[in-house]
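K.L.:
Okay, so here is target-v4.cif, and as you'll see once you scroll down, it has mmCIF, C-alpha atoms (C1' of nucleotides).
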data_run
loop_
_atom_site.label_atom_id
_atom_site.label_comp_id
_atom_site.auth_asym_id
_atom_site.auth_seq_id
_atom_site.Cartn_x
_atom_site.Cartn_y
_atom_site.Cartn_z
CA MET A 1 -79.03 -71.36 -20.19
CA ASP A 2 -79.46 -75.02 -19.65
CA ILE A 3 -77.90 -74.98 -16.24
CA TRP A 4 -81.45 -74.24 -15.10
CA LYS A 5 -82.71 -77.40 -16.64
CA LYS A 6 -80.13 -79.76 -15.20
CA PHE A 7 -81.91 -79.54 -11.92
CA GLU A 8 -85.36 -80.38 -13.15
CA GLU A 9 -84.05 -83.49 -14.83
CA ASN A 10 -82.25 -84.74 -11.77
CA ASN A 11 -84.63 -84.97 -8.93
CA ILE A 12 -82.09 -84.70 -6.20
CA THR A 13 -82.62 -85.09 -2.47
CA HIS A 14 -81.56 -82.53 0.09
CA SER A 15 -78.87 -84.87 1.33
CA ALA A 16 -77.49 -85.64 -2.11
CA ALA A 17 -77.44 -81.96 -3.04
CA HIS A 18 -75.34 -81.19 0.00
CA HIS A 19 -72.88 -83.96 -0.72
CA LEU A 20 -72.33 -82.50 -4.17
CA LEU A 21 -72.03 -78.97 -2.80
CA ALA A 22 -69.51 -80.15 -0.22
CA ILE A 23 -67.30 -81.61 -2.91
CA LEU A 24 -67.58 -78.46 -5.00
CA GLU A 25 -66.61 -76.32 -2.05
CA LEU A 26 -63.79 -78.56 -0.87
CA LYS A 27 -62.29 -78.73 -4.33
CA GLU A 28 -62.40 -74.96 -4.67
CA LYS A 29 -61.12 -74.32 -1.18
CA ARG A 30 -58.45 -76.97 -0.89
CA GLY A 31 -58.12 -78.63 -4.23
CA TYR A 32 -59.26 -82.08 -3.17
CA ALA A 33 -62.13 -83.92 -1.52
CA ARG A 34 -62.10 -87.34 0.14
CA VAL A 35 -64.82 -89.25 1.98
CA THR A 36 -63.50 -87.99 5.31
CA ASP A 37 -63.46 -84.37 4.15
CA VAL A 38 -67.03 -84.58 2.95
CA ALA A 39 -68.12 -86.17 6.23
CA ARG A 40 -66.43 -83.42 8.22
CA GLU A 41 -67.94 -80.72 6.02
CA LEU A 42 -71.44 -82.12 6.45
CA ASN A 43 -71.01 -83.13 10.07
CA ILE A 44 -71.92 -86.76 9.49
CA THR A 45 -69.90 -89.90 10.14
CA THR A 46 -67.55 -91.30 7.52
CA GLY A 47 -69.69 -94.42 7.47
CA SER A 48 -72.74 -92.45 6.38
CA ALA A 49 -70.76 -90.40 3.90
CA SER A 50 -69.22 -93.52 2.40
CA ILE A 51 -72.63 -95.05 1.75
CA ASN A 52 -74.23 -91.84 0.48
CA LEU A 53 -71.34 -91.09 -1.85
CA LYS A 54 -71.39 -94.62 -3.21
CA SER A 55 -74.94 -94.08 -4.39
CA LEU A 56 -73.96 -90.81 -6.05
CA LYS A 57 -71.12 -92.62 -7.81
CA GLY A 58 -73.70 -95.08 -9.07
CA LYS A 59 -75.66 -92.18 -10.54
CA ASN A 60 -72.51 -90.89 -12.26
CA LEU A 61 -72.60 -87.60 -10.42
CA ILE A 62 -69.29 -88.28 -8.72
CA ILE A 63 -66.03 -89.74 -10.00
CA GLU A 64 -63.33 -91.37 -7.90
CA ASP A 65 -59.70 -91.74 -8.90
CA GLU A 66 -57.26 -94.54 -8.03
CA ASN A 67 -56.40 -92.84 -4.75
CA LYS A 68 -60.05 -92.46 -3.68
CA PHE A 69 -60.03 -88.76 -4.34
CA LEU A 70 -63.47 -87.52 -5.32
CA ALA A 71 -64.53 -85.16 -8.07
CA LEU A 72 -67.81 -84.11 -9.59
CA SER A 73 -68.64 -85.43 -13.03
CA GLU A 74 -69.73 -82.90 -15.62
CA GLU A 75 -73.31 -83.81 -14.81
CA GLY A 76 -72.67 -83.59 -11.06
CA GLU A 77 -71.07 -80.20 -11.35
CA ALA A 78 -73.97 -78.86 -13.38
CA VAL A 79 -76.40 -80.07 -10.72
CA ALA A 80 -74.29 -78.63 -7.90
CA ARG A 81 -73.96 -75.27 -9.59
CA ALA A 82 -77.67 -75.14 -10.29
CA VAL A 83 -78.42 -75.75 -6.60
CA LEU A 84 -75.83 -73.19 -5.55
CA MET A 85 -77.32 -70.62 -7.86
CA ARG A 86 -80.77 -71.18 -6.40
CA LYS A 87 -79.46 -70.85 -2.89
CA ASN A 88 -77.78 -67.55 -3.65
CA ILE A 89 -80.85 -66.13 -5.31
CA LEU A 90 -83.01 -67.16 -2.37
CA TYR A 91 -80.55 -65.92 0.18
CA ASN A 92 -80.23 -62.54 -1.47
CA PHE A 93 -83.96 -62.15 -1.72
CA LEU A 94 -84.52 -63.07 1.91
CA ALA A 95 -81.63 -61.14 3.38
CA ASN A 96 -81.47 -58.08 1.15
CA ILE A 97 -85.04 -57.47 0.14
CA LEU A 98 -87.14 -58.99 2.90
CA LYS A 99 -84.50 -58.13 5.51
CA VAL A 100 -84.71 -61.54 7.15
CA LYS A 101 -81.90 -61.96 9.67
CA PRO A 102 -78.78 -63.42 8.01
CA GLU A 103 -78.75 -66.62 10.06
CA GLN A 104 -82.43 -67.29 9.37
CA ALA A 105 -82.05 -66.41 5.70
CA GLU A 106 -79.22 -68.92 5.57
CA ILE A 107 -81.37 -71.63 7.15
CA ASP A 108 -84.42 -70.98 4.99
CA SER A 109 -82.51 -70.75 1.73
CA CYS A 110 -80.63 -73.92 2.59
CA LYS A 111 -83.84 -75.82 3.26
CA THR A 112 -85.47 -74.81 0.02
CA GLU A 113 -82.56 -74.51 -2.41
CA HIS A 114 -83.13 -77.93 -3.89
CA LEU A 115 -86.91 -77.64 -4.07
CA ILE A 116 -87.77 -74.57 -6.08
CA SER A 117 -88.35 -74.95 -9.78
CA ALA A 118 -86.25 -73.49 -12.55
CA GLU A 119 -89.12 -71.20 -13.45
CA THR A 120 -89.41 -69.79 -9.95
CA ALA A 121 -85.67 -69.33 -9.56
CA LYS A 122 -85.41 -67.54 -12.87
CA LYS A 123 -88.36 -65.25 -12.21
CA LEU A 124 -87.18 -64.47 -8.71
CA GLN A 125 -83.86 -63.37 -10.05
CA GLU A 126 -85.43 -61.23 -12.74
CA PHE A 127 -87.71 -59.68 -10.16
CA MET A 128 -84.77 -58.79 -7.96
CA GLU A 129 -82.88 -57.19 -10.80
CA LYS A 130 -85.83 -54.98 -11.64
CA TYR A 131 -86.58 -54.23 -8.02
CA GLU A 132 -83.04 -53.20 -7.19
CA LYS A 133 -82.77 -51.04 -10.26
CA ALA A 134 -85.97 -49.25 -9.33
CA ALA A 135 -84.80 -48.57 -5.79
CA MET B 1 -100.34 -63.43 16.62
CA ASP B 2 -99.14 -66.71 17.97
CA ILE B 3 -100.41 -68.74 15.06
CA TRP B 4 -97.04 -67.89 13.54
CA LYS B 5 -95.27 -69.52 16.40
CA LYS B 6 -97.18 -72.78 16.52
CA PHE B 7 -95.26 -73.96 13.56
CA GLU B 8 -91.80 -73.23 14.83
CA GLU B 9 -92.48 -75.21 18.00
CA ASN B 10 -93.65 -78.28 16.13
CA ASN B 11 -91.03 -79.39 13.74
CA ILE B 12 -93.36 -81.12 11.36
CA THR B 13 -92.53 -83.23 8.32
CA HIS B 14 -93.91 -82.63 4.87
CA SER B 15 -95.96 -85.80 5.16
CA ALA B 16 -97.37 -84.95 8.57
CA ALA B 17 -98.26 -81.43 7.49
CA HIS B 18 -100.27 -82.79 4.59
CA HIS B 19 -102.13 -85.26 6.74
CA LEU B 20 -103.21 -82.40 8.99
CA LEU B 21 -104.14 -80.24 6.01
CA ALA B 22 -106.15 -83.07 4.51
CA ILE B 23 -108.20 -83.41 7.68
CA LEU B 24 -108.73 -79.66 7.85
CA GLU B 25 -109.91 -79.58 4.25
CA LEU B 26 -112.10 -82.66 4.51
CA LYS B 27 -113.81 -81.38 7.64
CA GLU B 28 -114.50 -78.05 6.01
CA LYS B 29 -115.62 -79.54 2.71
CA ARG B 30 -117.64 -82.50 3.94
CA GLY B 31 -117.88 -82.26 7.67
CA TYR B 32 -115.95 -85.42 8.45
CA ALA B 33 -112.66 -87.18 7.85
CA ARG B 34 -111.84 -90.87 8.16
CA VAL B 35 -108.65 -92.78 7.46
CA THR B 36 -109.94 -93.73 4.01
CA ASP B 37 -110.83 -90.14 3.17
CA VAL B 38 -107.40 -88.91 4.15
CA ALA B 39 -105.76 -91.67 2.10
CA ARG B 40 -107.84 -90.78 -0.94
CA GLU B 41 -107.11 -87.06 -0.49
CA LEU B 42 -103.36 -87.69 -0.29
CA ASN B 43 -103.29 -90.47 -2.86
CA ILE B 44 -101.70 -93.02 -0.57
CA THR B 45 -102.95 -96.42 0.57
CA THR B 46 -105.14 -96.74 3.63
CA GLY B 47 -102.37 -98.79 5.18
CA SER B 48 -99.94 -95.91 4.95
CA ALA B 49 -102.51 -93.41 6.15
CA SER B 50 -103.40 -95.62 9.08
CA ILE B 51 -99.79 -95.78 10.25
CA ASN B 52 -99.06 -92.10 9.67
CA LEU B 53 -102.22 -90.97 11.42
CA LYS B 54 -101.49 -93.21 14.37
CA SER B 55 -98.25 -91.38 14.96
CA LEU B 56 -100.02 -88.03 14.76
CA LYS B 57 -102.54 -89.28 17.32
CA GLY B 58 -99.59 -90.13 19.53
CA LYS B 59 -98.40 -86.54 19.24
CA ASN B 60 -101.86 -85.27 20.20
CA LEU B 61 -102.33 -83.45 16.94
CA ILE B 62 -105.30 -85.60 15.96
CA ILE B 63 -108.27 -86.88 17.93
CA GLU B 64 -110.41 -89.91 17.08
CA ASP B 65 -113.95 -90.50 18.26
CA GLU B 66 -115.68 -93.82 19.03
CA ASN B 67 -116.60 -94.25 15.38
CA LYS B 68 -113.05 -93.67 14.15
CA PHE B 69 -113.89 -90.25 12.82
CA LEU B 70 -110.89 -87.96 12.90
CA ALA B 71 -110.55 -84.38 14.02
CA LEU B 72 -107.68 -82.02 14.66
CA SER B 73 -106.84 -81.20 18.25
CA GLU B 74 -106.52 -77.54 19.16
CA GLU B 75 -102.77 -77.92 18.73
CA GLY B 76 -103.16 -79.79 15.45
CA GLU B 77 -105.46 -77.15 14.03
CA ALA B 78 -103.06 -74.38 14.98
CA VAL B 79 -100.24 -76.20 13.20
CA ALA B 80 -102.38 -76.90 10.13
CA ARG B 81 -103.52 -73.29 9.88
CA ALA B 82 -99.98 -72.03 10.26
CA VAL B 83 -98.86 -74.25 7.38
CA LEU B 84 -101.84 -73.22 5.28
CA MET B 85 -101.11 -69.58 5.88
CA ARG B 86 -97.52 -70.04 4.72
CA LYS B 87 -98.63 -71.86 1.63
CA ASN B 88 -101.04 -69.09 0.68
CA ILE B 89 -98.46 -66.38 1.19
CA LEU B 90 -95.96 -68.28 -0.92
CA TYR B 91 -98.46 -69.09 -3.61
CA ASN B 92 -99.61 -65.50 -3.88
CA PHE B 93 -96.08 -64.22 -4.09
CA LEU B 94 -95.11 -66.72 -6.77
CA ALA B 95 -98.27 -66.49 -8.84
CA ASN B 96 -99.21 -62.84 -8.46
CA ILE B 97 -95.92 -61.04 -8.13
CA LEU B 98 -93.38 -63.26 -9.85
CA LYS B 99 -95.99 -64.45 -12.37
CA VAL B 100 -94.95 -68.07 -12.05
CA LYS B 101 -97.44 -70.33 -13.83
CA PRO B 102 -100.27 -71.38 -11.48
CA GLU B 103 -99.47 -75.10 -11.61
CA GLN B 104 -95.79 -74.50 -10.89
CA ALA B 105 -96.56 -71.98 -8.16
CA GLU B 106 -98.78 -74.61 -6.61
CA ILE B 107 -96.01 -77.22 -6.71
CA ASP B 108 -93.31 -74.92 -5.37
CA SER B 109 -95.41 -73.47 -2.57
CA CYS B 110 -96.49 -76.96 -1.59
CA LYS B 111 -92.91 -78.20 -1.38
CA THR B 112 -91.75 -75.33 0.78
CA GLU B 113 -94.79 -74.47 2.88
CA HIS B 114 -93.60 -76.45 5.88
CA LEU B 115 -89.99 -75.30 5.66
CA ILE B 116 -89.94 -71.53 5.76
CA SER B 117 -89.54 -69.83 9.11
CA ALA B 118 -92.08 -67.66 10.86
CA GLU B 119 -89.83 -64.68 10.29
CA THR B 120 -89.62 -65.23 6.56
CA ALA B 121 -93.35 -65.86 6.22
CA LYS B 122 -94.18 -62.72 8.14
CA LYS B 123 -91.75 -60.52 6.25
CA LEU B 124 -92.86 -61.91 2.92
CA GLN B 125 -96.43 -61.03 3.70
CA GLU B 126 -95.51 -57.53 4.83
CA PHE B 127 -93.47 -57.05 1.70
CA MET B 128 -96.39 -58.07 -0.47
CA GLU B 129 -98.75 -55.69 1.27
CA LYS B 130 -96.41 -52.78 0.69
CA TYR B 131 -95.62 -53.84 -2.84
CA GLU B 132 -99.22 -54.16 -3.87
CA LYS B 133 -100.17 -50.87 -2.29
CA ALA B 134 -97.37 -49.15 -4.20
CA ALA B 135 -98.42 -50.63 -7.52
"C1'" DG C 1 -40.00 -102.43 13.22
"C1'" DG C 2 -43.95 -101.55 15.87
"C1'" DA C 3 -47.51 -98.57 17.85
"C1'" DA C 4 -50.60 -94.80 16.79
"C1'" DA C 5 -53.33 -92.16 13.87
"C1'" DG C 6 -55.92 -91.58 9.81
"C1'" DT C 7 -58.95 -93.41 6.07
"C1'" DG C 8 -62.55 -96.08 4.03
"C1'" DT C 9 -65.87 -100.00 4.06
"C1'" DT C 10 -69.14 -102.93 6.00
"C1'" DA C 11 -72.52 -104.59 9.38
"C1'" DT C 12 -76.18 -103.45 12.28
"C1'" DG C 13 -79.78 -100.50 14.10
"C1'" DT C 14 -83.10 -96.48 14.11
"C1'" DA C 15 -86.61 -93.63 12.04
"C1'" DT C 16 -89.65 -92.13 8.30
"C1'" DG C 17 -92.61 -93.03 4.57
"C1'" DT C 18 -94.19 -95.77 1.07
"C1'" DC C 19 -96.44 -100.21 -1.02
"C1'" DA C 20 -99.04 -104.73 -1.47
"C1'" DA C 21 -101.43 -108.16 0.69
"C1'" DA C 22 -103.88 -110.46 4.24
"C1'" DC C 23 -107.13 -110.25 7.88
"C1'" DG C 24 -111.15 -108.95 10.93
"C1'" DG C 25 -115.17 -106.39 11.76
"C1'" DA C 26 -119.20 -103.90 10.27
"C1'" DT C 27 -122.62 -103.02 6.88
"C1'" DG C 28 -125.44 -103.89 2.98
"C1'" DT C 29 -127.84 -106.84 -0.48
"C1'" DT C 30 -130.23 -110.56 -2.05
"C1'" DA D 1 -128.35 -116.82 6.22
"C1'" DA D 2 -124.77 -115.95 2.96
"C1'" DC D 3 -122.12 -113.36 0.08
"C1'" DA D 4 -120.13 -108.91 -1.15
"C1'" DT D 5 -118.25 -104.62 -0.04
"C1'" DC D 6 -116.20 -101.17 2.68
"C1'" DC D 7 -113.14 -99.84 6.47
"C1'" DG D 8 -109.15 -99.93 9.32
"C1'" DT D 9 -105.14 -102.41 11.01
"C1'" DT D 10 -101.25 -105.22 10.67
"C1'" DT D 11 -97.50 -107.46 8.35
"C1'" DG D 12 -93.54 -107.78 5.42
"C1'" DA D 13 -90.91 -105.56 2.07
"C1'" DC D 14 -88.32 -101.63 0.16
"C1'" DA D 15 -85.83 -96.98 -0.16
"C1'" DT D 16 -83.61 -93.07 2.04
"C1'" DA D 17 -80.81 -91.15 5.44
"C1'" DC D 18 -78.73 -91.11 9.39
"C1'" DA D 19 -75.85 -93.36 13.64
"C1'" DT D 20 -72.30 -96.76 16.02
"C1'" DA D 21 -69.13 -100.01 15.98
"C1'" DA D 22 -65.88 -103.27 14.13
"C1'" DC D 23 -62.58 -104.16 10.74
"C1'" DA D 24 -58.80 -103.65 7.22
"C1'" DC D 25 -55.43 -100.92 5.17
"C1'" DT D 26 -52.29 -97.05 4.87
"C1'" DT D 27 -49.26 -93.63 6.53
"C1'" DT D 28 -46.63 -91.48 10.03
"C1'" DC D 29 -43.85 -91.15 13.94
"C1'" DC D 30 -40.72 -92.64 17.32
#
Can you turn what I pasted into structure tokens?
P.N.:
Amino acid sequence: MDIWKKFEENNITHSAAHHLLAILELKEKRGYARVTDVARELNITTGSASINLKSLKGKNLIIEDENKFLALSEEGEAVARAVLMRKNILYNFLANILKVKPEQAEIDSCKTEHLISAETAKKLQEFMEKYEKAA
Amino acid sequence: MDIWKKFEENNITHSAAHHLLAILELKEKRGYARVTDVARELNITTGSASINLKSLKGKNLIIEDENKFLALSEEGEAVARAVLMRKNILYNFLANILKVKPEQAEIDSCKTEHLISAETAKKLQEFMEKYEKAA
DNA sequence: GGAAAGTGTTATGTATGTCAAACGGATGTT
DNA sequence: AACATCCGTTTGACATACATAACACTTTCC
């Protein structure tokens, strides 16, 4: 699965990762994503979002149509999905196995989702599969 | 144990955490730590180290004597040890249980050491104790 | 048709963290 | 005494990531 690798190649910041995730979520939830929607989702001003998104456009992670509607490029979607996958693995481990409180598990997995390596993410998931089968 | 708490109170950056850790390590390894030593340890210029350390002095995490030799304040040492403890727990989990390669476990634990909550750190350690006893 | 609301960009400012380069003080060497 | 080296600070520049505020351009509503 080379979705694991996409992440390693793109060294993405926490902020950038969340901009991509916001677009992914907005598109799935409502079908579209504009600068304002992303800003609202991330709780930042439209000014900040505009600037941040411009830089992601420059990196070809985001595409904009004639009406300023945003979408993830193929590359951007791969990166976003890789981050999302990591977050879910981390969250499940923290909440279900370590029994960390849901809100704290959410915070911790969110802070680290973009930082753990492909190797760690993969091995953590394998560990959880084995662990849950054994239990 | 309130060493767990010290960290939560001080919301420390990755950079700041490593400056404190560098001083802790240098003092233990060689008995002293100066701006230059910290810079060398962290692979940054003395200019950067000088500025960064000044801000940590302002937060009373670092003390400087008449000869510009640096030491951690009581508070600074508590923070540094809390971070170190988290890093060790993470490293051990990654390397010994997940079997992540040592170099990668080092990188991943280093990136996340200052981000995980006290709750997660504590529960991860408890989990490891149980897990290793069972094995 | 005009005011109001919504949308996006740009300008300016803050904070962190980095660098290179210049400078001043102390120390060491010849 | 003079030159060289080491040490720490300061300065100016850059990148990221945020905020406010001002501005232009739609769209919507009366």
K.L.:
Kindly assemble as a tab-separated table a list of the region 101-130 of chain B residues that lie within 7 Å of region 85-90 of chain B, each paired with its nearest atom pair and their distance in Å to one decimal, using all atoms listed in the file, sorted first by chain and then by ascending residue number.
P.N.:
residue	atom	partner	partner_atom	distance
B:Ser109	CA	B:Leu90	CA	5.5
B:Cys110	CA	B:Lys87	CA	6.4
B:Glu113	CA	B:Lys87	CA	4.8
B:Ala121	CA	B:Arg86	CA	6.1
B:Gln125	CA	B:Ile89	CA	6.2
K.L.:
Kindly resolve the PyMOL selection byres ((chain D and resi 18) around 8) on the present coordinates and return the residues as a VMD selection string.
P.N.:
(chain A and resid 48) or (chain D and resid 17 19)
K.L.:
What are the residues of chain B that have an atom within 12 Å of an atom of chain A, counting all atoms listed in the file, as number ranges by chain?
P.N.:
B: 90-91, 93-128, 130-131
K.L.:
If the PyMOL selection byres ((chain B) within 9 of (chain C)) were run on this exact file, what residues would it hold? Put them as a PyMOL selection string.
P.N.:
chain B and resi 15+44-45+47-48+52
K.L.:
As an exercise, work out the distance from CA of Asn11 (chain A) to CA of Leu24 (chain A) in Å and give it to one decimal place.
P.N.:
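Separation of CA of Asn11 (chain A) and CA of Leu24 (chain A): 18.7 Å.
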K.L.:
Go through the shown structure with the PyMOL selection byres ((chain B) within 8 of (chain D)) and write out the matching residues as a list in words.
P.N.:
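On the file shown, the PyMOL selection byres ((chain B) within 8 of (chain D)) covers Val35, Thr36, Thr46, Gly47 and Ser50 of chain B.
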K.L.:
Please identify all polymer residues within 9 Å of region 60-72 of chain B, counting all atoms listed in the file, omitting same-chain residues fewer than 2 positions from it, and present them as a VMD selection string.
P.N.:
(chain B and resid 20 23 to 24 27 32 to 35 53 to 58 74 to 80) or (chain D and resid 8)
K.L.:
Grab the CA of Lys59 (chain B) to CA of Leu26 (chain B) distance for me, in Å with one decimal place.
P.N.:
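For CA of Lys59 (chain B) relative to CA of Leu26 (chain B), the distance reads 20.5 Å.
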